[in-house]
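What follows is one structure encoded as structure tokens, with my remarks underneath.
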Amino acid sequence: MKRVLIANRGEIAVRVAQACHAQGLETVAVYSQADAAALHVRTATRAVLIGPPPAAESYLRVEALLEAARKTGADAIHPGYGFLSENADFARRVVDAGLTWIGPDPAAIEAMGTKIGARRRMEAAGVPVVPGVHDAGQDVAALEAAADRIGFPVLVKASAGGGGKGMRTVERREDLRGAIEAAQREAQAAFGDRAVYIEKLLVRPRHVEVQIFGDRHGGAVHLLERECSIQRRHQKVLEECPSPALDADLRRRMGEAAVAAARAVDYVGAGTVEFMVDARGDFYFLEMNTRLQVEHPVTELVMGVDLVAAQLAVARGEPLPWTQAQLQPRGHAIEVRLYAEDPARGFLPSTGKLLRYRPPVAPGIRHDGGVAEGDEVSTWYDPMLAKLIAWGETRDHAIGRLAHALGAWQVHGVTTNLGFLQAVVAHPAFRAGATHTGFIGEHFEDGVFAPEPAGDEALIAVAIAEAMGLTRAAAGQGGAGEGGDGRSDRVSPWRALGAWRSNA
Amino acid sequence: MSRLVQRGETSVALGARPDPKAPDTWIVTIGEHHHTVQARRTGEGTLLVTLADGRTAELAVTRDAQRWWVTGGGRTTVVAEAEAAGRAHAHEGGLEAPMPGKVLAVKVAPGDRVAAGATLLIVEAMKMEHAIKAPHAGVVREVAAREGDMVSPGTPLVTLDREEDA
């Protein structure tokens, strides 16, 4: 393995490229016309344009990706998360083209790839699953009958789903038809597969997932759990490791169940087994994600590992870099996701130019970002801009570091959920570890969050900055007609030269 | 020179002038209040501000078309010019597209009586469907968007008369 094509964009493409470079591997970025000067392109050692902005015409085009690999002499493909990362056909095409697929075997992706299939397999293996009906077909009347059998409230979920897309919570029967139709439309648009199924909605459950890792030599380990209960509309907002809810016994049992699930499909590489844990401490298999997760850094910080480096090693055929006994947790890590969305307006996606973007730098703080100052944030892709991860010796230590770092994160020009993240981290219930999947709805009045009015310090700074002429340059850059200047600088050969030199 | 900026629901006059007698000292006026503060440029877009009681913060200030973004003292604040904030009010009764996207479904027609929270339209953006809901009970006066329309922020979608006005 010498040159890795990264079939993704944003922060994960940057993260994977950095791991490759650290091992002396070259990287190939692929990009759409909307991403010509994006951070992931600037990070890679080669770059190939693969199509127009819509993902279906670029990042999801298998032919274009394989052609880019052939053209650049890439000998391996890392899919990142999202896009084609859990597409068994793509994995198979990569393998058939004689390239190394940095991920689990296509058969394992297939086995776990549809939520319906994975549920059946886990039921057969004796792993507890959430009560649900997954064989009702796609006829609305049949799905309604299935919901009646389970009893409301229910979840309508896309079989190929993830990230909250194609998922709806339904409290009342009269809302079910609309929810099914919307979920099917969303699933079709996002995954090319409109299949949905009905599942019982657990009350105040926690979302706890176990990181697992397998190799081609029969090795399989788990790397503790992640607590991902703080979600909004099934989109994760904050994750931590370890879970404040698990005791040693439950942790051991869930870890064993996750490894059993991995072994059941001869799993190779990084994967995640998601569970719901109810108030009584019973756990249910939810799904298995056959890829790296967005929130993998919290595991890395607590376990002292580099999961992407391990993915590369396992893909080369090496055994796992660690044994189960060597994997000892240390401290606590918390990640938050910065989204381009407006909490004051129902978290609608926001767009604009990042006039200023400076992540905080402090001990125990890690920033995994996909954007840089001057970038345009569009609505073509996922609204997640970056992740901030804090490690501490204890949970309180990590929270303190995170809270302080969030206050220093400079994100100007695009409305984000930053203030909302601060409010979550400051919330007494979060500090007490009392997290569950309804946390945001319960503590933030259905997810409504309005920023506090400006304080004296902010107004004083504005007044003096204006009087000094401090903000003139930035205002000029913000104009639509002048955006080109900053952009052309970033793709100039003088910038690129630095990267070439450092490789020599 | 002073300007009107938005602070919560009200607007306030804001101005600053250098103190001719002391270096790096500014007299800042916020409405009726005067603050004498120390201020120094520390970098690209950043100010070090010390208030009379010693409270000190380095603040990053960026300006876009009608707002300032300020990070410092542990938070980021957006300060809007009062005039810009006033413009949003002009559209009382009208519902605008909140983001760029595509209208997937129009659920109401002129003359429909809707309850607060009723879904009026569904707009797709970033691969997610977003329901545009009635902010209050009322009667639909006009529907300006059709299914399949691409809309950008500010595009009028529906005009809704309040129940008591209707």
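Lettering and numbering for the structure tokens are positional, with chains as A, B, ... in the shown order, residues counted from 1 in each chain, and ligands counted from 1 in the shown order.
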*asked:* What's around segment 92-105 of chain A at 6 Å? Count only C-alpha atoms, leave out sequence neighbours fewer than 6 positions away in its own chain, and write the answer as an NGL selection string.
replied: :A and (75-78 or 268-269 or 315)
*asked:* Please identify the strand (DSSP E) residues within segment 24-123 of chain B (assignment by DSSP from backbone atoms) and present them as a PyMOL selection string.
replied: chain B and resi 25-30+33-43+46-50+56-63+67-72+75-80+94-96+101-106+113-114+119-123
Residues from last step as file, C-alpha atoms, as a PDB file, in the first residue's frame:
ATOM      1  CA  THR B  25      -8.022  54.806  26.309  1.00  0.00           C
ATOM      2  CA  TRP B  26     -11.489  54.993  24.822  1.00  0.00           C
ATOM      3  CA  ILE B  27     -14.773  56.397  25.989  1.00  0.00           C
ATOM      4  CA  VAL B  28     -17.534  54.064  24.878  1.00  0.00           C
ATOM      5  CA  THR B  29     -21.196  55.049  24.961  1.00  0.00           C
ATOM      6  CA  ILE B  30     -23.883  52.380  25.193  1.00  0.00           C
ATOM      7  CA  HIS B  33     -24.015  54.695  29.877  1.00  0.00           C
ATOM      8  CA  HIS B  34     -20.399  55.718  29.428  1.00  0.00           C
ATOM      9  CA  HIS B  35     -17.491  53.325  29.906  1.00  0.00           C
ATOM     10  CA  THR B  36     -13.860  54.376  30.006  1.00  0.00           C
ATOM     11  CA  VAL B  37     -11.797  51.398  28.872  1.00  0.00           C
ATOM     12  CA  GLN B  38      -8.287  50.504  27.785  1.00  0.00           C
ATOM     13  CA  ALA B  39      -8.106  48.952  24.325  1.00  0.00           C
ATOM     14  CA  ARG B  40      -5.199  47.771  22.206  1.00  0.00           C
ATOM     15  CA  ARG B  41      -5.024  45.966  18.897  1.00  0.00           C
ATOM     16  CA  THR B  42      -3.370  42.619  19.473  1.00  0.00           C
ATOM     17  CA  GLY B  43      -3.567  40.937  16.103  1.00  0.00           C
ATOM     18  CA  THR B  46      -8.452  41.174  17.767  1.00  0.00           C
ATOM     19  CA  LEU B  47      -8.619  43.702  20.596  1.00  0.00           C
ATOM     20  CA  LEU B  48      -7.431  43.515  24.173  1.00  0.00           C
ATOM     21  CA  VAL B  49      -9.984  45.350  26.285  1.00  0.00           C
ATOM     22  CA  THR B  50      -9.639  46.170  29.981  1.00  0.00           C
ATOM     23  CA  THR B  56      -9.822  41.959  30.788  1.00  0.00           C
ATOM     24  CA  ALA B  57     -10.648  40.032  27.646  1.00  0.00           C
ATOM     25  CA  GLU B  58      -9.129  39.578  24.240  1.00  0.00           C
ATOM     26  CA  LEU B  59     -11.968  39.845  21.772  1.00  0.00           C
ATOM     27  CA  ALA B  60     -12.051  38.866  18.110  1.00  0.00           C
ATOM     28  CA  VAL B  61     -14.381  41.090  16.100  1.00  0.00           C
ATOM     29  CA  THR B  62     -15.506  40.400  12.540  1.00  0.00           C
ATOM     30  CA  ARG B  63     -17.978  42.336  10.490  1.00  0.00           C
ATOM     31  CA  ARG B  67     -23.709  42.164  11.816  1.00  0.00           C
ATOM     32  CA  TRP B  68     -20.652  41.918  13.990  1.00  0.00           C
ATOM     33  CA  TRP B  69     -19.384  38.649  15.366  1.00  0.00           C
ATOM     34  CA  VAL B  70     -17.564  38.958  18.667  1.00  0.00           C
ATOM     35  CA  THR B  71     -15.740  36.165  20.515  1.00  0.00           C
ATOM     36  CA  GLY B  72     -14.314  36.867  23.931  1.00  0.00           C
ATOM     37  CA  ARG B  75     -18.761  33.328  24.367  1.00  0.00           C
ATOM     38  CA  THR B  76     -19.493  34.379  20.839  1.00  0.00           C
ATOM     39  CA  THR B  77     -22.091  37.081  20.347  1.00  0.00           C
ATOM     40  CA  VAL B  78     -23.699  38.335  17.176  1.00  0.00           C
ATOM     41  CA  VAL B  79     -24.538  42.027  17.268  1.00  0.00           C
ATOM     42  CA  ALA B  80     -26.916  43.210  14.558  1.00  0.00           C
ATOM     43  CA  GLY B  94     -45.398  36.548   5.756  1.00  0.00           C
ATOM     44  CA  LEU B  95     -43.407  33.340   6.071  1.00  0.00           C
ATOM     45  CA  GLU B  96     -40.117  33.217   4.244  1.00  0.00           C
ATOM     46  CA  GLY B 101     -33.681  24.350  -0.538  1.00  0.00           C
ATOM     47  CA  LYS B 102     -36.388  22.803  -2.626  1.00  0.00           C
ATOM     48  CA  VAL B 103     -40.108  22.889  -1.886  1.00  0.00           C
ATOM     49  CA  LEU B 104     -41.174  19.246  -1.639  1.00  0.00           C
ATOM     50  CA  ALA B 105     -44.800  19.690  -0.682  1.00  0.00           C
ATOM     51  CA  VAL B 106     -47.312  22.498  -0.181  1.00  0.00           C
ATOM     52  CA  ARG B 113     -57.709  27.911   8.423  1.00  0.00           C
ATOM     53  CA  VAL B 114     -54.663  26.518  10.243  1.00  0.00           C
ATOM     54  CA  THR B 119     -47.337  22.136   8.727  1.00  0.00           C
ATOM     55  CA  LEU B 120     -47.641  24.556   5.814  1.00  0.00           C
ATOM     56  CA  LEU B 121     -44.856  23.385   3.527  1.00  0.00           C
ATOM     57  CA  ILE B 122     -42.045  20.907   3.471  1.00  0.00           C
ATOM     58  CA  VAL B 123     -38.682  22.139   2.271  1.00  0.00           C
TER      59      VAL B 123
END
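Those residues in segment 394-428 of chain A carrying a DSSP assignment of alpha helix (DSSP H), computed from the backbone, are Arg395, Asp396, His397, Ala398, Ile399, Gly400, Arg401, Leu402, Ala403, His404, Ala405, Leu406, Gly407, Ala408, Leu418, Gly419, Phe420, Leu421, Gln422, Ala423, Val424, Val425, Ala426 and Pro428 of chain A.
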_Taking 6 positions as the minimum chain separation for residues in the same chain, which residues sit within 10 Å of Asp193 of chain A when counting only C-alpha atoms? Answer as a PyMOL selection string._
chain A and resi 158-161+184-187
*asked:* I need the residue nearest chain A from this list: B:Leu51, B:Ala82, B:Ala16, B:Ala97. Use only C-alpha atoms for the distance.
replied: B:Ala16
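In terms of minimum interatomic distance to Tyr59 of chain A, A:Ala7 ranks closest within A:Ala7, A:Val210, A:Gly80, A:His21, counting only C-alpha atoms.
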If we count only C-alpha atoms, what is near Gln23 of chain A at a cut-off of 8 Å, once residues fewer than 3 positions away on the same chain are taken out, given as a CSV table (one decimal) with N, CA and C atoms, in the first residue's frame?
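Saved to selection-v4.csv:
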chain,number,residue,atom,x,y,z
A,19,ALA,N,-3.6,10.6,8.9
A,19,ALA,CA,-3.1,9.3,9.4
A,19,ALA,C,-2.2,8.6,8.3
A,20,CYS,N,-2.6,8.7,7.0
A,20,CYS,CA,-1.9,8.1,5.9
A,20,CYS,C,-0.5,8.8,5.8
A,309,ALA,N,-5.0,4.6,11.9
A,309,ALA,CA,-3.7,3.9,11.7
A,309,ALA,C,-3.9,2.4,11.8
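With only C-alpha atoms as the atoms that count, the residue of B:Val12, B:Ala65, B:Ile132, B:Ala118 with the shortest distance to chain A is B:Ala65.
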*Any idea what the distance is between atom CA of Pro359 of chain A and atom CA of Ala408 of chain A?*
7.6 Å
For Glu26 of chain A, work out the shell of residues within 10 Å, counting only C-alpha atoms and skipping chain neighbours fewer than 4 positions away, then give it as a PDB file with N, CA and C atoms, in the first residue's frame.
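Output saved as around.pdb:
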ATOM      1  N   MET A   1       0.850  -1.200   0.000  1.00  0.00           N
ATOM      2  CA  MET A   1       0.000   0.000   0.000  1.00  0.00           C
ATOM      3  C   MET A   1       0.884   1.248   0.000  1.00  0.00           C
ATOM      4  N   LYS A   2       0.697   2.077  -1.039  1.00  0.00           N
ATOM      5  CA  LYS A   2       1.542   3.267  -1.152  1.00  0.00           C
ATOM      6  C   LYS A   2       0.733   4.553  -1.263  1.00  0.00           C
ATOM      7  N   ARG A   3      -0.414   4.424  -1.936  1.00  0.00           N
ATOM      8  CA  ARG A   3      -1.177   5.646  -2.223  1.00  0.00           C
ATOM      9  C   ARG A   3      -2.658   5.369  -1.978  1.00  0.00           C
ATOM     10  N   VAL A   4      -3.241   6.108  -1.047  1.00  0.00           N
ATOM     11  CA  VAL A   4      -4.614   5.841  -0.619  1.00  0.00           C
ATOM     12  C   VAL A   4      -5.560   6.899  -1.189  1.00  0.00           C
ATOM     13  N   LEU A   5      -6.574   6.459  -1.930  1.00  0.00           N
ATOM     14  CA  LEU A   5      -7.616   7.382  -2.361  1.00  0.00           C
ATOM     15  C   LEU A   5      -8.667   7.456  -1.260  1.00  0.00           C
ATOM     16  N   ALA A  17      -6.402  11.450   5.742  1.00  0.00           N
ATOM     17  CA  ALA A  17      -5.190  11.850   5.023  1.00  0.00           C
ATOM     18  C   ALA A  17      -4.030  12.049   5.994  1.00  0.00           C
ATOM     19  N   GLN A  18      -4.314  12.672   7.126  1.00  0.00           N
ATOM     20  CA  GLN A  18      -3.247  12.906   8.108  1.00  0.00           C
ATOM     21  C   GLN A  18      -2.689  11.587   8.640  1.00  0.00           C
ATOM     22  N   CYS A  20      -2.641   8.739   7.029  1.00  0.00           N
ATOM     23  CA  CYS A  20      -1.867   8.148   5.931  1.00  0.00           C
ATOM     24  C   CYS A  20      -0.492   8.801   5.846  1.00  0.00           C
ATOM     25  N   HIS A  21      -0.479  10.132   5.881  1.00  0.00           N
ATOM     26  CA  HIS A  21       0.799  10.851   5.767  1.00  0.00           C
ATOM     27  C   HIS A  21       1.740  10.475   6.909  1.00  0.00           C
ATOM     28  N   ALA A  22       1.158  10.252   8.093  1.00  0.00           N
ATOM     29  CA  ALA A  22       1.986   9.887   9.254  1.00  0.00           C
ATOM     30  C   ALA A  22       2.654   8.528   9.056  1.00  0.00           C
ATOM     31  N   ALA A  44      -4.472  16.724   0.901  1.00  0.00           N
ATOM     32  CA  ALA A  44      -4.006  15.536   0.182  1.00  0.00           C
ATOM     33  C   ALA A  44      -2.778  15.840  -0.669  1.00  0.00           C
ATOM     34  N   THR A  45      -2.108  14.772  -1.134  1.00  0.00           N
ATOM     35  CA  THR A  45      -0.947  14.975  -1.997  1.00  0.00           C
ATOM     36  C   THR A  45      -1.328  14.941  -3.484  1.00  0.00           C
ATOM     37  N   ARG A  46      -2.473  14.367  -3.817  1.00  0.00           N
ATOM     38  CA  ARG A  46      -3.010  14.450  -5.171  1.00  0.00           C
ATOM     39  C   ARG A  46      -4.505  14.716  -5.081  1.00  0.00           C
ATOM     40  N   ALA A  74      -3.584   5.040  -7.391  1.00  0.00           N
ATOM     41  CA  ALA A  74      -3.892   4.678  -5.997  1.00  0.00           C
ATOM     42  C   ALA A  74      -4.044   3.168  -5.897  1.00  0.00           C
ATOM     43  N   ASN A 503       7.289  16.909   1.535  1.00  0.00           N
ATOM     44  CA  ASN A 503       7.308  15.494   1.193  1.00  0.00           C
ATOM     45  C   ASN A 503       8.670  15.037   0.688  1.00  0.00           C
TER      46      ASN A 503
END
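Considering only C-alpha atoms, the residue among A:Arg395, A:His234, A:Arg168, A:Arg120 positioned nearest to Val156 of chain A is A:Arg168.
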